[in-house]
file structure_26.cif (mmCIF, C-alpha atoms)
data_target
#
loop_
_atom_site.label_atom_id
_atom_site.label_comp_id
_atom_site.auth_asym_id
_atom_site.auth_seq_id
_atom_site.Cartn_x
_atom_site.Cartn_y
_atom_site.Cartn_z
CA MET Z 1 0.00 0.00 0.00
CA ALA Z 2 1.31 3.47 -0.89
CA GLU Z 3 2.39 5.77 1.91
CA LYS Z 4 0.04 8.66 2.55
CA GLY Z 5 1.43 12.04 1.42
CA ARG Z 6 2.41 14.54 4.07
CA THR Z 7 1.27 18.14 4.29
CA ALA Z 8 3.15 20.86 6.14
CA PHE Z 9 2.55 24.53 6.87
CA ILE Z 10 5.30 27.07 7.59
CA GLY Z 11 4.14 30.37 9.05
CA ASP Z 12 3.56 32.46 12.14
CA ALA Z 13 1.90 30.90 15.18
CA ASP Z 14 -1.49 32.51 14.58
CA SER Z 15 -1.65 31.47 10.91
CA VAL Z 16 -0.79 27.81 11.46
CA LEU Z 17 -3.08 27.32 14.45
CA GLY Z 18 -6.18 26.17 12.55
CA PHE Z 19 -4.16 23.84 10.33
CA ARG Z 20 -2.54 22.20 13.35
CA ALA Z 21 -6.04 21.33 14.59
CA LEU Z 22 -6.65 19.56 11.25
CA GLY Z 23 -3.56 17.39 11.65
CA VAL Z 24 -1.25 19.32 9.32
CA GLU Z 25 2.41 19.41 10.37
CA THR Z 26 3.09 23.01 11.37
CA TYR Z 27 6.32 24.93 11.76
CA THR Z 28 6.79 28.42 13.19
CA PRO Z 29 10.36 29.49 12.46
CA GLU Z 30 11.82 32.29 14.52
CA SER Z 31 14.02 33.60 11.69
CA GLY Z 32 14.36 33.59 7.93
CA HIS Z 33 17.36 31.29 8.23
CA GLU Z 34 15.33 28.80 10.24
CA ALA Z 35 12.50 28.97 7.69
CA VAL Z 36 14.94 28.08 4.90
CA LYS Z 37 16.32 25.18 6.93
CA ILE Z 38 12.80 23.81 7.61
CA PHE Z 39 11.72 24.21 3.98
CA LYS Z 40 14.80 22.42 2.63
CA SER Z 41 14.30 19.61 5.14
CA LEU Z 42 10.65 19.15 4.08
CA VAL Z 43 11.66 19.04 0.41
CA LYS Z 44 14.36 16.46 1.18
CA GLU Z 45 11.79 14.36 3.09
CA LYS Z 46 9.52 14.48 0.01
CA VAL Z 47 6.59 16.16 1.75
CA SER Z 48 3.75 16.28 -0.81
CA VAL Z 49 2.32 19.74 -0.03
CA ILE Z 50 4.11 22.62 1.66
CA MET Z 51 1.96 25.62 2.54
CA ILE Z 52 3.67 28.86 3.45
CA THR Z 53 2.40 32.28 4.40
CA GLU Z 54 3.10 35.26 2.18
CA ASP Z 55 5.42 36.62 4.87
CA MET Z 56 7.46 33.39 4.76
CA LEU Z 57 7.74 33.73 0.99
CA ASP Z 58 9.92 36.79 1.61
CA HIS Z 59 12.50 34.42 3.12
CA LEU Z 60 11.85 31.40 0.91
CA GLN Z 61 11.46 32.85 -2.59
CA SER Z 62 14.68 31.35 -4.02
CA GLU Z 63 13.95 27.94 -2.48
CA VAL Z 64 10.39 27.99 -3.84
CA ASP Z 65 11.72 28.97 -7.28
CA GLU Z 66 14.04 25.93 -7.20
CA VAL Z 67 11.26 23.39 -6.54
CA VAL Z 68 8.34 24.97 -8.38
CA SER Z 69 8.87 22.87 -11.52
CA MET Z 70 9.17 19.63 -9.55
CA PRO Z 71 6.09 17.39 -9.20
CA ILE Z 72 6.62 17.18 -5.43
CA PRO Z 73 6.28 19.26 -3.36
CA ALA Z 74 3.36 21.39 -4.37
CA VAL Z 75 4.01 24.76 -2.76
CA VAL Z 76 0.95 26.80 -1.83
CA VAL Z 77 1.28 30.42 -0.73
CA LEU Z 78 -1.49 31.58 1.60
CA PRO Z 79 -2.18 34.95 3.21
CA GLY Z 80 -1.34 35.17 6.89
CA VAL Z 81 -3.59 36.50 9.60
CA SER Z 82 -2.46 40.03 8.77
CA GLY Z 83 -4.20 39.86 5.38
CA SER Z 84 -3.29 39.24 1.77
CA LYS Z 85 -0.47 40.89 -0.14
CA HIS Z 86 -1.47 38.93 -3.29
CA ARG Z 87 1.96 37.26 -3.34
CA GLY Z 88 0.40 33.84 -3.87
CA GLU Z 89 -1.52 35.11 -6.86
CA ASP Z 90 1.66 36.59 -8.32
CA THR Z 91 3.49 33.28 -7.86
CA ILE Z 92 0.74 31.33 -9.63
CA ARG Z 93 0.60 33.91 -12.45
CA ASN Z 94 4.36 33.65 -13.01
CA LEU Z 95 4.15 29.84 -13.13
CA ILE Z 96 1.39 29.97 -15.74
CA ILE Z 97 3.32 32.46 -17.87
CA ARG Z 98 6.43 30.27 -17.66
CA ALA Z 99 4.48 27.11 -18.53
CA VAL Z 100 2.35 28.37 -21.42
CA GLY Z 101 3.98 31.66 -22.38
CA VAL Z 102 0.78 33.67 -21.91
CA ASP Z 103 -0.70 35.51 -18.93
CA LEU Z 104 -4.00 33.60 -18.66
CA MET Z 105 -4.92 35.50 -15.49
CA ALA Z 106 -4.77 38.92 -17.17
CA GLU Z 107 -7.89 41.01 -17.02
CA ASP Z 108 -9.72 41.37 -20.33
CA GLU Z 109 -9.01 44.78 -21.82
CA GLN Z 110 -12.22 45.86 -23.51
#

call {"tool": "encode", "arguments": {"input": "structure_26.cif", "output": "structure tokens"}}
result
Amino acid sequence: MAEKGRTAFIGDADSVLGFRALGVETYTPESGHEAVKIFKSLVKEKVSVIMITEDMLDHLQSEVDEVVSMPIPAVVVLPGVSGSKHRGEDTIRNLIIRAVGVDLMAEDEQ
């Protein structure tokens, strides 16, 4: 039988709280360096889904860019409790442009 995929969330304590209650592995790094260390460890362990807050993306952008074309992990950027900066949307838009060469999320100009 195949091993069940793991899901992890890296963010501030308030943002990860609800996910911890759902059984998601949660990590609350105290520094950008620690966030990078945790992220790289999760990638090495072949965690299926890694969720990060937009604030963590500030520290993890180069690491996310390295794994974004890999089938595992799927990296999901979510807004933190402080609200959305639309960084997740920008990340998805850039992936689509890179994959198909067209900005499919662009607003229709009519």

call {"tool": "residues_around", "arguments": {"input": "structure_26.cif", "residues": "His33 of chain Z", "least_positions_apart": "5", "cutoff": "12 Å", "atoms": "only C-alpha atoms", "output": "ChimeraX atom specification"}}
result
/Z:38-40,56,58-60,63

call {"tool": "closest_residue", "arguments": {"input": "structure_26.cif", "among": "Z:Glu25, Z:Ser41, Z:Val64, Z:Phe19", "to": "Gly5 of chain Z", "atoms": "only C-alpha atoms"}}
result
Z:Glu25

call {"tool": "residues_near_point", "arguments": {"input": "structure_26.cif", "point": "(4.1, 17.3, 2.6)", "cutoff": "10 Å", "atoms": "all atoms listed in the file", "output": "ChimeraX atom specification"}}
result
/Z:4-9,24-25,42-43,45-51,72-75

call {"tool": "atom_distance", "arguments": {"input": "structure_26.cif", "atom1": "atom CA of Gly32 of chain Z", "atom2": "atom CA of Val16 of chain Z"}}
result
16.6 Å

call {"tool": "atom_distance", "arguments": {"input": "structure_26.cif", "atom1": "atom CA of Ser69 of chain Z", "atom2": "atom CA of Ile52 of chain Z"}}
result
16.9 Å

call {"tool": "atom_distance", "arguments": {"input": "structure_26.cif", "atom1": "atom CA of Gln61 of chain Z", "atom2": "atom CA of Ala21 of chain Z"}}
result
27.1 Å

call {"tool": "resolve_selection", "arguments": {"input": "structure_26.cif", "expression": "the PyMOL selection byres ((chain Z and resi 27) around 7)", "output": "PyMOL selection string"}}
result
chain Z and resi 9-11+25-26+28-29

call {"tool": "closest_residue", "arguments": {"input": "structure_26.cif", "among": "Z:Leu22, Z:Glu30, Z:Glu54, Z:Lys37", "to": "Pro79 of chain Z", "atoms": "only C-alpha atoms"}}
result
Z:Glu54

call {"tool": "build_atoms", "arguments": {"input": "structure_26.cif", "residues": "segment 26-53 of chain Z", "atoms": "N, CA and C atoms", "output": "tab-separated table (two decimals), keeping the file's coordinate frame"}}
result
chain	number	residue	atom	x	y	z
Z	26	THR	N	2.90	21.57	11.40
Z	26	THR	CA	3.09	23.01	11.37
Z	26	THR	C	4.46	23.38	11.93
Z	27	TYR	N	5.01	24.44	11.36
Z	27	TYR	CA	6.32	24.93	11.76
Z	27	TYR	C	6.24	26.45	11.87
Z	28	THR	N	6.78	26.98	12.96
Z	28	THR	CA	6.79	28.42	13.19
Z	28	THR	C	8.23	28.87	13.41
Z	29	PRO	N	8.95	29.09	12.33
Z	29	PRO	CA	10.36	29.49	12.46
Z	29	PRO	C	10.50	30.86	13.10
Z	30	GLU	N	11.58	31.02	13.85
Z	30	GLU	CA	11.82	32.29	14.52
Z	30	GLU	C	12.67	33.24	13.68
Z	31	SER	N	13.19	32.75	12.56
Z	31	SER	CA	14.02	33.60	11.69
Z	31	SER	C	13.90	33.12	10.25
Z	32	GLY	N	14.34	33.97	9.34
Z	32	GLY	CA	14.36	33.59	7.93
Z	32	GLY	C	15.28	32.41	7.68
Z	33	HIS	N	16.41	32.40	8.37
Z	33	HIS	CA	17.36	31.29	8.23
Z	33	HIS	C	16.73	29.97	8.66
Z	34	GLU	N	16.00	30.01	9.76
Z	34	GLU	CA	15.33	28.80	10.24
Z	34	GLU	C	14.24	28.35	9.26
Z	35	ALA	N	13.54	29.30	8.67
Z	35	ALA	CA	12.50	28.97	7.69
Z	35	ALA	C	13.11	28.25	6.49
Z	36	VAL	N	14.25	28.72	6.02
Z	36	VAL	CA	14.94	28.08	4.90
Z	36	VAL	C	15.35	26.66	5.27
Z	37	LYS	N	15.88	26.50	6.46
Z	37	LYS	CA	16.32	25.18	6.93
Z	37	LYS	C	15.14	24.20	6.98
Z	38	ILE	N	14.00	24.65	7.52
Z	38	ILE	CA	12.80	23.81	7.61
Z	38	ILE	C	12.31	23.45	6.22
Z	39	PHE	N	12.22	24.44	5.33
Z	39	PHE	CA	11.72	24.21	3.98
Z	39	PHE	C	12.58	23.18	3.26
Z	40	LYS	N	13.89	23.35	3.30
Z	40	LYS	CA	14.80	22.42	2.63
Z	40	LYS	C	14.66	21.01	3.21
Z	41	SER	N	14.48	20.91	4.50
Z	41	SER	CA	14.30	19.61	5.14
Z	41	SER	C	13.01	18.94	4.66
Z	42	LEU	N	11.93	19.70	4.55
Z	42	LEU	CA	10.65	19.15	4.08
Z	42	LEU	C	10.75	18.69	2.64
Z	43	VAL	N	11.47	19.44	1.81
Z	43	VAL	CA	11.66	19.04	0.41
Z	43	VAL	C	12.46	17.74	0.36
Z	44	LYS	N	13.51	17.66	1.15
Z	44	LYS	CA	14.36	16.46	1.18
Z	44	LYS	C	13.56	15.24	1.64
Z	45	GLU	N	12.63	15.44	2.57
Z	45	GLU	CA	11.79	14.36	3.09
Z	45	GLU	C	10.63	14.02	2.16
Z	46	LYS	N	10.55	14.71	1.02
Z	46	LYS	CA	9.52	14.48	0.01
Z	46	LYS	C	8.10	14.69	0.53
Z	47	VAL	N	7.93	15.76	1.31
Z	47	VAL	CA	6.59	16.16	1.75
Z	47	VAL	C	5.79	16.55	0.51
Z	48	SER	N	4.56	16.08	0.40
Z	48	SER	CA	3.75	16.28	-0.81
Z	48	SER	C	3.31	17.73	-1.01
Z	49	VAL	N	2.83	18.37	0.05
Z	49	VAL	CA	2.32	19.74	-0.03
Z	49	VAL	C	2.97	20.56	1.08
Z	50	ILE	N	3.55	21.69	0.69
Z	50	ILE	CA	4.11	22.62	1.66
Z	50	ILE	C	3.37	23.94	1.49
Z	51	MET	N	2.66	24.33	2.53
Z	51	MET	CA	1.96	25.62	2.54
Z	51	MET	C	2.83	26.60	3.30
Z	52	ILE	N	2.92	27.81	2.78
Z	52	ILE	CA	3.67	28.86	3.45
Z	52	ILE	C	2.86	30.14	3.42
Z	53	THR	N	3.07	30.99	4.41
Z	53	THR	CA	2.40	32.28	4.40
Z	53	THR	C	3.15	33.22	3.47
